[in-house]
file data-v1.cif (mmCIF, C-alpha atoms)
data_entry
#
loop_
_atom_site.label_atom_id
_atom_site.label_comp_id
_atom_site.auth_asym_id
_atom_site.auth_seq_id
_atom_site.Cartn_x
_atom_site.Cartn_y
_atom_site.Cartn_z
CA MET A 28 0.00 0.00 0.00
CA ARG A 29 1.37 3.41 -0.98
CA LEU A 30 0.06 6.45 0.90
CA LEU A 31 0.62 10.18 0.60
CA ILE A 32 0.43 12.60 3.52
CA VAL A 33 0.71 16.31 2.71
CA LEU A 34 0.93 18.56 5.73
CA SER A 35 1.46 22.17 6.64
CA ASP A 36 4.17 22.84 9.19
CA PHE A 37 2.86 26.23 10.32
CA TYR A 38 1.98 24.91 13.81
CA HIS A 39 4.88 22.48 14.03
CA ASP A 40 4.25 20.81 17.42
CA LEU A 41 0.51 20.39 16.84
CA VAL A 42 1.04 18.95 13.36
CA TRP A 43 3.64 16.53 14.74
CA LYS A 44 1.00 15.18 17.15
CA MET A 45 -1.55 14.77 14.34
CA LEU A 46 0.97 13.07 12.06
CA ASN A 47 2.23 10.77 14.79
CA GLU A 48 -1.35 9.69 15.54
CA ALA A 49 -2.01 9.02 11.84
CA LEU A 50 1.20 6.98 11.52
CA TYR A 51 0.26 5.03 14.65
CA HIS A 52 -3.04 3.99 13.04
CA LEU A 53 -1.13 2.96 9.90
CA ASN A 54 1.19 0.82 12.08
CA VAL A 55 4.28 2.73 10.93
CA SER A 56 4.71 5.19 13.81
CA ASP A 57 8.01 3.61 14.79
CA LEU A 58 9.55 4.76 11.49
CA LEU A 59 9.44 8.50 12.17
CA THR A 60 11.08 10.10 15.18
CA LYS A 61 10.48 13.67 16.28
CA GLU A 62 14.05 14.50 15.27
CA ARG A 63 13.56 13.13 11.75
CA PHE A 64 10.30 15.05 11.48
CA ASP A 65 12.07 18.25 12.57
CA GLU A 66 14.69 17.70 9.86
CA ALA A 67 12.01 17.06 7.24
CA CYS A 68 10.32 20.32 8.19
CA GLU A 69 13.39 22.43 7.52
CA ILE A 70 12.05 23.82 4.28
CA SER A 71 14.83 25.37 2.25
CA GLU A 72 14.11 28.12 -0.26
CA ASN A 73 10.36 27.71 0.40
CA ARG A 74 10.34 24.35 -1.35
CA PRO A 75 8.38 21.40 0.02
CA ARG A 76 10.37 18.56 1.54
CA LYS A 77 9.51 14.89 1.02
CA THR A 78 10.29 12.03 3.36
CA THR A 79 9.45 8.42 2.54
CA LEU A 80 8.76 5.82 5.23
CA LYS A 81 8.58 2.10 4.52
CA SER A 82 7.28 -0.52 6.90
CA GLN A 83 9.67 -3.29 7.88
CA ASP A 84 7.72 -5.81 5.83
CA CYS A 85 7.79 -3.34 2.87
CA LYS A 86 4.02 -3.64 2.48
CA THR A 87 3.37 -0.01 3.38
CA SER A 88 5.12 3.02 1.96
CA VAL A 89 4.23 6.53 3.14
CA ASP A 90 5.39 9.67 1.34
CA ILE A 91 5.21 12.67 3.67
CA VAL A 92 5.36 16.08 1.99
CA VAL A 93 5.84 19.11 4.25
CA VAL A 94 4.80 22.58 3.07
CA GLY A 95 4.88 25.92 4.84
CA GLY A 96 1.17 26.69 5.17
CA CYS A 97 -2.30 25.36 4.40
CA MET A 98 -2.56 27.33 1.18
CA GLU A 99 0.31 25.25 -0.28
CA ILE A 100 -1.30 21.89 0.50
CA PRO A 101 -3.46 21.70 -2.67
CA LEU A 102 -0.56 22.45 -5.03
CA ALA A 103 1.76 19.93 -3.36
CA THR A 104 -1.00 17.31 -3.41
CA SER A 105 -1.66 17.91 -7.10
CA PHE A 106 2.06 17.73 -7.89
CA MET A 107 2.53 14.43 -6.06
CA LEU A 108 -0.60 12.85 -7.57
CA ALA A 109 0.72 13.77 -11.02
CA LYS A 110 3.99 11.97 -10.29
CA ARG A 111 2.67 8.64 -9.00
CA ASN A 112 -0.40 6.68 -7.99
CA TYR A 113 -1.34 6.38 -4.34
CA ASP A 114 -3.77 4.09 -2.58
CA GLY A 115 -4.72 6.88 -0.21
CA VAL A 116 -4.08 10.56 0.39
CA VAL A 117 -4.33 12.55 3.62
CA CYS A 118 -3.97 16.33 3.87
CA MET A 119 -3.25 17.88 7.27
CA GLY A 120 -3.12 21.49 8.26
CA ILE A 121 -4.06 23.65 11.19
CA VAL A 122 -5.70 27.06 10.97
CA ILE A 123 -6.52 28.63 14.32
CA LYS A 124 -9.53 30.89 14.52
CA GLY A 125 -8.70 34.38 15.68
CA GLU A 126 -10.54 37.69 15.81
CA THR A 127 -10.33 38.36 12.07
CA ALA A 128 -11.77 36.60 9.02
CA HIS A 129 -8.33 35.15 8.15
CA PHE A 130 -9.34 31.70 9.46
CA ASP A 131 -12.44 31.63 7.27
CA HIS A 132 -10.56 32.64 4.12
CA VAL A 133 -7.58 30.32 4.53
CA SER A 134 -9.61 27.27 5.53
CA ARG A 135 -12.26 27.77 2.81
CA ILE A 136 -9.71 28.35 0.02
CA SER A 137 -7.56 25.41 1.14
CA ILE A 138 -10.51 23.02 1.31
CA ASP A 139 -11.95 24.21 -2.01
CA ARG A 140 -8.60 23.73 -3.77
CA VAL A 141 -8.07 20.27 -2.27
CA CYS A 142 -11.56 19.33 -3.55
CA GLU A 143 -10.61 20.60 -7.02
CA VAL A 144 -7.49 18.41 -6.93
CA CYS A 145 -9.63 15.42 -5.94
CA LEU A 146 -11.95 15.98 -8.84
CA ALA A 147 -9.19 16.62 -11.36
CA LYS A 148 -7.17 13.57 -10.32
CA ALA A 149 -10.20 11.34 -9.55
CA SER A 150 -8.61 10.61 -6.19
CA PRO A 151 -10.57 10.96 -2.96
CA VAL A 152 -8.89 12.99 -0.23
CA PRO A 153 -10.56 12.99 3.19
CA ILE A 154 -11.07 16.40 4.77
CA GLY A 155 -11.53 16.81 8.49
CA THR A 156 -12.43 20.08 10.13
#

call {"tool": "encode", "arguments": {"input": "data-v1.cif", "output": "structure tokens"}}
result
Amino acid sequence: MRLLIVLSDFYHDLVWKMLNEALYHLNVSDLLTKERFDEACEISENRPRKTTLKSQDCKTSVDIVVVGGCMEIPLATSFMLAKRNYDGVVCMGIVIKGETAHFDHVSRISIDRVCEVCLAKASPVPIGT
């Protein structure tokens, strides 16, 4: 099984917890340490970083793509889906509601664009809010 996880690193520690929980449910949590995640999140020149994890039995492969913010998630997802086929895709990002409409705009645009990628690539991507 080949999976893709695209995540925004804007709230690093919170995203690490979400990712670690997802990897736990995929039975591959032992393959990614906090230190390796921190290294993967060091985005150079604003370019996404990709880390690949493989289970010990080589039955599961997880590509983790780290981007700077939620608005970059749809583009990175589209790019990766154009490069290879995945059995499943998960997008993770955190937008914290404040006193302005920023939360509404960023979350709506990000979700709409991820949906457009799903339709264009005929690949379902679960969205949790």

call {"tool": "closest_residue", "arguments": {"input": "data-v1.cif", "among": "A:Val144, A:Leu31, A:Met98, A:Ile136", "to": "A:Tyr113", "atoms": "all atoms listed in the file"}}
result
A:Leu31

call {"tool": "resolve_selection", "arguments": {"input": "data-v1.cif", "expression": "the PyMOL selection byres ((chain A and resi 99) around 12)", "output": "short mmCIF file (atom, residue, chain, number, x, y, z; two decimals) with C-alpha atoms, keeping the file's coordinate frame"}}
result
data_model
loop_
_atom_site.label_atom_id
_atom_site.label_comp_id
_atom_site.auth_asym_id
_atom_site.auth_seq_id
_atom_site.Cartn_x
_atom_site.Cartn_y
_atom_site.Cartn_z
CA VAL A 33 0.71 16.31 2.71
CA LEU A 34 0.93 18.56 5.73
CA SER A 35 1.46 22.17 6.64
CA ASP A 36 4.17 22.84 9.19
CA PHE A 37 2.86 26.23 10.32
CA ASN A 73 10.36 27.71 0.40
CA ARG A 74 10.34 24.35 -1.35
CA PRO A 75 8.38 21.40 0.02
CA VAL A 92 5.36 16.08 1.99
CA VAL A 93 5.84 19.11 4.25
CA VAL A 94 4.80 22.58 3.07
CA GLY A 95 4.88 25.92 4.84
CA GLY A 96 1.17 26.69 5.17
CA CYS A 97 -2.30 25.36 4.40
CA MET A 98 -2.56 27.33 1.18
CA ILE A 100 -1.30 21.89 0.50
CA PRO A 101 -3.46 21.70 -2.67
CA LEU A 102 -0.56 22.45 -5.03
CA ALA A 103 1.76 19.93 -3.36
CA THR A 104 -1.00 17.31 -3.41
CA SER A 105 -1.66 17.91 -7.10
CA PHE A 106 2.06 17.73 -7.89
CA CYS A 118 -3.97 16.33 3.87
CA MET A 119 -3.25 17.88 7.27
CA GLY A 120 -3.12 21.49 8.26
CA VAL A 133 -7.58 30.32 4.53
CA SER A 134 -9.61 27.27 5.53
CA ILE A 136 -9.71 28.35 0.02
CA SER A 137 -7.56 25.41 1.14
CA ILE A 138 -10.51 23.02 1.31
CA ARG A 140 -8.60 23.73 -3.77
CA VAL A 141 -8.07 20.27 -2.27
#

call {"tool": "atom_distance", "arguments": {"input": "data-v1.cif", "atom1": "atom CA of A:Asn54", "atom2": "atom CA of A:Lys77"}}
result
19.7 Å

call {"tool": "atom_distance", "arguments": {"input": "data-v1.cif", "atom1": "atom CA of A:Asp114", "atom2": "atom CA of A:Arg29"}}
result
5.4 Å

call {"tool": "atom_distance", "arguments": {"input": "data-v1.cif", "atom1": "atom CA of A:Ser88", "atom2": "atom CA of A:Leu53"}}
result
10.1 Å

call {"tool": "resolve_selection", "arguments": {"input": "data-v1.cif", "expression": "the PyMOL selection byres ((chain A and resi 46) around 10)", "output": "list in words"}}
result
Ile32, Val33, Leu34, Asp40, Leu41, Val42, Trp43, Lys44, Met45, Asn47, Glu48, Ala49, Leu50, Tyr51, His52, Ser56, Leu59, Phe64, Ile91, Val117 and Met119 of chain A

call {"tool": "resolve_selection", "arguments": {"input": "data-v1.cif", "expression": "the PyMOL selection byres ((chain A and resi 112) around 10)", "output": "PyMOL selection string"}}
result
chain A and resi 29-31+107-111+113-116+148+150

call {"tool": "axis_aligned_box", "arguments": {"input": "data-v1.cif", "around": "stretch 33-38 of chain A", "padding_each_side": "6 Å", "output": "AutoDock Vina command-line options"}}
result
--center_x 2.4 --center_y 21.3 --center_z 8.3 --size_x 15.5 --size_y 21.9 --size_z 23.1
